[in-house]
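Here's the structure, in structure tokens; my notes come after.
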Amino acid sequence: MNANNTLKTDFQTPPMEYRPWTRWWWPGGDVELDELLREVRLFADTMFGGAEIQPFSSGINPKTKNDKSSPMYSYDSPEYYEKLVAVIEEAKQQGLQIDLTMGSGWPAGGSFVPREDNVDTLLYGEITISRGVDMPVPPPIMPFPYAIFSDDSILPLLQGREWTRTLSYQPEDAKLVAVVASKIVDNQRSPDPSILTDTMHLDMDSTIDITEHVSNGHLQWTPPSNEEWHIVSIYTMPSGSHLLISAVAEENYVLDPFDTDAIIRYYENWIGKHPELLAHAGETLRALFSDSYEYFAQRMFADDLIEMFKANRGYDVTPFLPAVFQPARDQHFFFFAGLRTAPDFSYGELSQRIIHDYDLTVSDLFFKHWYPASREWIENQNLLFRQQGYNPPLDVMKAAGMTSIPETEGGNERMLKRVASGGHLYERPIISAESFVFLPKGGFALTPQDYKQGIDLLMTSGVNHIIYHGTPYRWDEAGYGEIGWSPFITPYGAINISSNISETDPFWAVQEEVNLYASRLQFLLRKGNPDADVLVYLPVFDSPDDERFVPVVSAVDASGYAWEWVNDDLIAQAEWSDDGLHIGNMIFQGIVLPNIDALPVSTAEKLETLSQAGLP
């Protein structure tokens with residue numbers, strides 16, 4: 001058979017590697033082997049290429065969740081892994097591949113993560129003085145979000161909901177980082193801790209690091225003037241962040257992404273202890289998957305943050321650390337409570353520079369620790385590292401280039417392209433997407449036409465590997481209605497998101513046809529290489545949906561130009577020649593700067609050099 005005939009045959013019935021996947025939700029360990037194997041065969045018969053297994057407790061009857069003897073909590077038991085191995089072996093027989101979610105719930109973590117390996121947060125204590133003091137260092141104050149996202153949440157909206165217990169506050173684990181003092185310019189702080197939009201304005205010129213005046217937890221210091229001075233004691237503490245909707249009965253913690261040793265321990269204490277799984281690595285067992293970073297740290301911190309800040313930003317942030325405090329600044333789900341916040345302290349206009357530099361350093365820490373440690377360990381096991389790299393302060397495009405398989409999730413073209421562009425420009429051949437999650441019509445309302453339109457959007461945005469969100473295990477437990485258990489649309493904690501790619505969906509009869517359509521498009525996209533006319537600059541922490549960018553990107557689209565986002569890191573690598581601007585394997589004819597407010601100096605200088613060489 002010649003190449004053209006092979007191409008035609010493979011397009012008509014794409015091989016397994018080009019078929020869409022699904023996220024396969026298990027109610028923890030409460031699964032029966034016969035049913036699991038039946039569903040594996042069902043996937044193969046319905047033109048799926050594989051499944052990502054996520055065992056968790058979402059949408060489950062609280063009566064079951066409160067019963068610690070429930071089979072749901074047999075996740076991570078020997079019996080659970082026996083079933084998992086059997087599933088992988090059946091998948092091998094059917095030609096499918098399997099990915100495993102890191103832990104149960106997300107972000108990456110588990111019951112085997114000790115508190116000292118938990119993601120860290122900054123805290124502070126404070127006192128106002130006008131004369132010399134000889135006193136204990138002000139102890140840390142519990143940030144108000146701990147009163148919201150805990151066992152006994154103070155918000156009626158969150159009481160009894162399954163997403164509630166995400167934090168535990170243990171100040172005895174706090175360690176002093178620094179003590180700084182500043183003159184007060186204007187004190188607009190409220191004594192009510194639930195007021196989160198109040199700010200104390202401090203005098204930057206007077207700010208002093210007085211940590212050297214602390215001995216054995218005691219502060220002896222006299223201010224240089226009799227004015228009001230505010231002392232801020234700064235601490236780091238394991239944040240107490242727990243996995244979201246986890247099927248783990250024991251205490252569990254989210255892993256610290258800024259501790260290389262902790263990251264390696266995590267993998268060795270999880271997948272590394274299961275050679276029966278690793279025996280399938282690189283064949284049926286394809287990848288380990290880390291979902292998006294929904295941390296509950298108030299302000300992320302690491303032991304080497306101040307050192308890295310000084311090296312990468314060129315100044316010592318220690319005296320100005322009060323500027324970075326803002327209730328739940330790095331807590332992605334704070335919007336869930338409908339609350340908005342303001343900085344606790346401000347140094348005026350320069351505060352925004354300090355905050356931006358702090359965020360840049362947090363992003364740098366991901367690239368120093370989490371990404372290289374994860375990818376090296378995982379790929380050394382002959383597996384792939386699949387990651388949704390967004391939500392904290394992070395260069396999302398660069399993060400896409402640091403994984404084996406970068407992943408985005410549902411949204412418009414601008415949002416999808418942020419990860420897809422990163423994948424293309426950093427030469428990652430497969431761009432996956434958690435697909436059909438946030439649906440305008442709510443769950444269980446999608447028609448095959450809706451799926452076709454969604455698939456088209458994913459493909460034209462640069463995605464070439466669909467992972468449906470998702471397929472629930474068919475669970476016999478009563479109380480979930482005629483559709484059965486579905487983790488995001490149930491009588492228990494429903495939030496009405498996600499699709500239902502399962503036999504209970506009224507359109508399941510045509511799912512094979514939908515999958516065939518997706519498979520053919522994915523086959524075509526992976527047979528070619530990404531190509532575009534121009535680049536559109538995206539500042540590192542700006543949203544692609546920023547109102548400054550939308551009309552510009554729309555104009556580029558309307559002009560008929562294909563485009564990709566580009567970041568500072570890639571501009572630094574770009575080279576101009578007679579045929580265009582070269583980044584990796586791609587060539588572009590120009591860069592669009594869409595109503596940006598500021599540029600890093602290095603980026604501005606590189607753009608000037610490229611422009612003088614001929615780049616439009």
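Within each chain, counting starts at residue 1; across the structure tokens, chains are named A, B, ... in the order shown, with ligands numbered 1 upward in that order.
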
Q: Taking the chain letters and numbering used in this document, name the residues of range 308-378 of chain A that DSSP puts in alpha helix (DSSP H), as a ChimeraX atom specification.
A: /A:308-313,350-365,371-378

(Q) List the spatial neighbours of range 338-354 of chain A as a VMD selection string - criterion: any atom at most 7 Å away, only C-alpha atoms, same-chain residues fewer than 2 positions off excluded. (A) chain A and resid 196 to 204 322 to 323 325 to 327 334 to 336 356 to 358

Q.
Report, in Å to a single decimal, how far apart CA of Val232 in chain A and CA of Ile184 in chain A are.
A. 11.7 Å

(Q) Taking only C-alpha atoms into account, name the residue in A:Asp209, A:Glu503, A:Asp316, A:Asp395 that is nearest to Asp542 in chain A. (A) A:Asp395

Excluding Ser461 in chain A and its own-chain neighbours fewer than 4 positions away, which residues fall within 9 Å of it when counting only C-alpha atoms? Please give them as a PDB file with C-alpha atoms, in the first residue's frame.
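The resulting file, result-v4.pdb, is reproduced below:
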```
ATOM      1  CA  ASN A 412     -12.410  30.766  23.990  1.00  0.00           C
ATOM      2  CA  GLU A 413      -9.723  30.862  21.331  1.00  0.00           C
ATOM      3  CA  ARG A 414      -7.644  33.459  23.200  1.00  0.00           C
ATOM      4  CA  MET A 415      -7.510  31.377  26.382  1.00  0.00           C
ATOM      5  CA  LEU A 416      -6.905  28.042  24.635  1.00  0.00           C
ATOM      6  CA  LYS A 417      -4.106  29.523  22.543  1.00  0.00           C
ATOM      7  CA  ALA A 420      -1.257  25.856  22.722  1.00  0.00           C
ATOM      8  CA  SER A 421       1.100  28.649  21.616  1.00  0.00           C
ATOM      9  CA  ASP A 456     -13.697  22.617  15.953  1.00  0.00           C
ATOM     10  CA  LEU A 457     -12.810  25.413  18.387  1.00  0.00           C
TER      11      LEU A 457
END
```

Q: Please identify all polymer residues within 6 Å of range 17-19 of chain A, counting only C-alpha atoms, omitting same-chain residues fewer than 2 positions from it, and present them as JSON, numbers by chain.
A: {"A": [15, 48, 49, 519, 522, 523]}

Q.
Please list as JSON, numbers by chain every residue within 8 Å of Thr260 in chain A, counting only C-alpha atoms and excluding residues in the same chain fewer than 4 positions away.
A. {"A": [264, 369, 370, 373]}

Restricting it to N, CA, C and O atoms, dump the selection as a PDB file, in the first residue's frame.
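This went into part_26.pdb:
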```pdb
ATOM      1  N   ILE A 264      10.618  14.764  44.841  1.00  0.00           N
ATOM      2  CA  ILE A 264      11.130  13.422  44.553  1.00  0.00           C
ATOM      3  C   ILE A 264      10.574  12.416  45.545  1.00  0.00           C
ATOM      4  O   ILE A 264      10.182  11.297  45.172  1.00  0.00           O
ATOM      5  N   HIS A 369      12.229  24.232  40.610  1.00  0.00           N
ATOM      6  CA  HIS A 369      11.944  23.033  41.398  1.00  0.00           C
ATOM      7  C   HIS A 369      10.921  22.105  40.730  1.00  0.00           C
ATOM      8  O   HIS A 369      11.274  21.012  40.297  1.00  0.00           O
ATOM      9  N   TRP A 370       9.680  22.535  40.661  1.00  0.00           N
ATOM     10  CA  TRP A 370       8.605  21.617  40.276  1.00  0.00           C
ATOM     11  C   TRP A 370       8.793  21.014  38.892  1.00  0.00           C
ATOM     12  O   TRP A 370       8.739  19.785  38.721  1.00  0.00           O
ATOM     13  N   ALA A 373      12.259  18.809  38.388  1.00  0.00           N
ATOM     14  CA  ALA A 373      12.258  17.614  39.237  1.00  0.00           C
ATOM     15  C   ALA A 373      11.186  16.631  38.793  1.00  0.00           C
ATOM     16  O   ALA A 373      11.424  15.412  38.719  1.00  0.00           O
TER      17      ALA A 373
END
```

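Residue nearest Phe11 in chain A, chosen from A:Ala400, A:Leu524, A:Ile127, A:Ala302 and counting only C-alpha atoms: A:Leu524.
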
(Q) So that I can check the surroundings of Tyr371 in chain A, please list as a list in words every protein, DNA and RNA residue that reaches within 8 Å of it, counting only C-alpha atoms and ignoring chain neighbours fewer than 4 positions away. (A)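 Using only C-alpha atoms, the neighbours found are Phe366, Phe367, Arg375, Ala399, Met402 and Thr403 of chain A.
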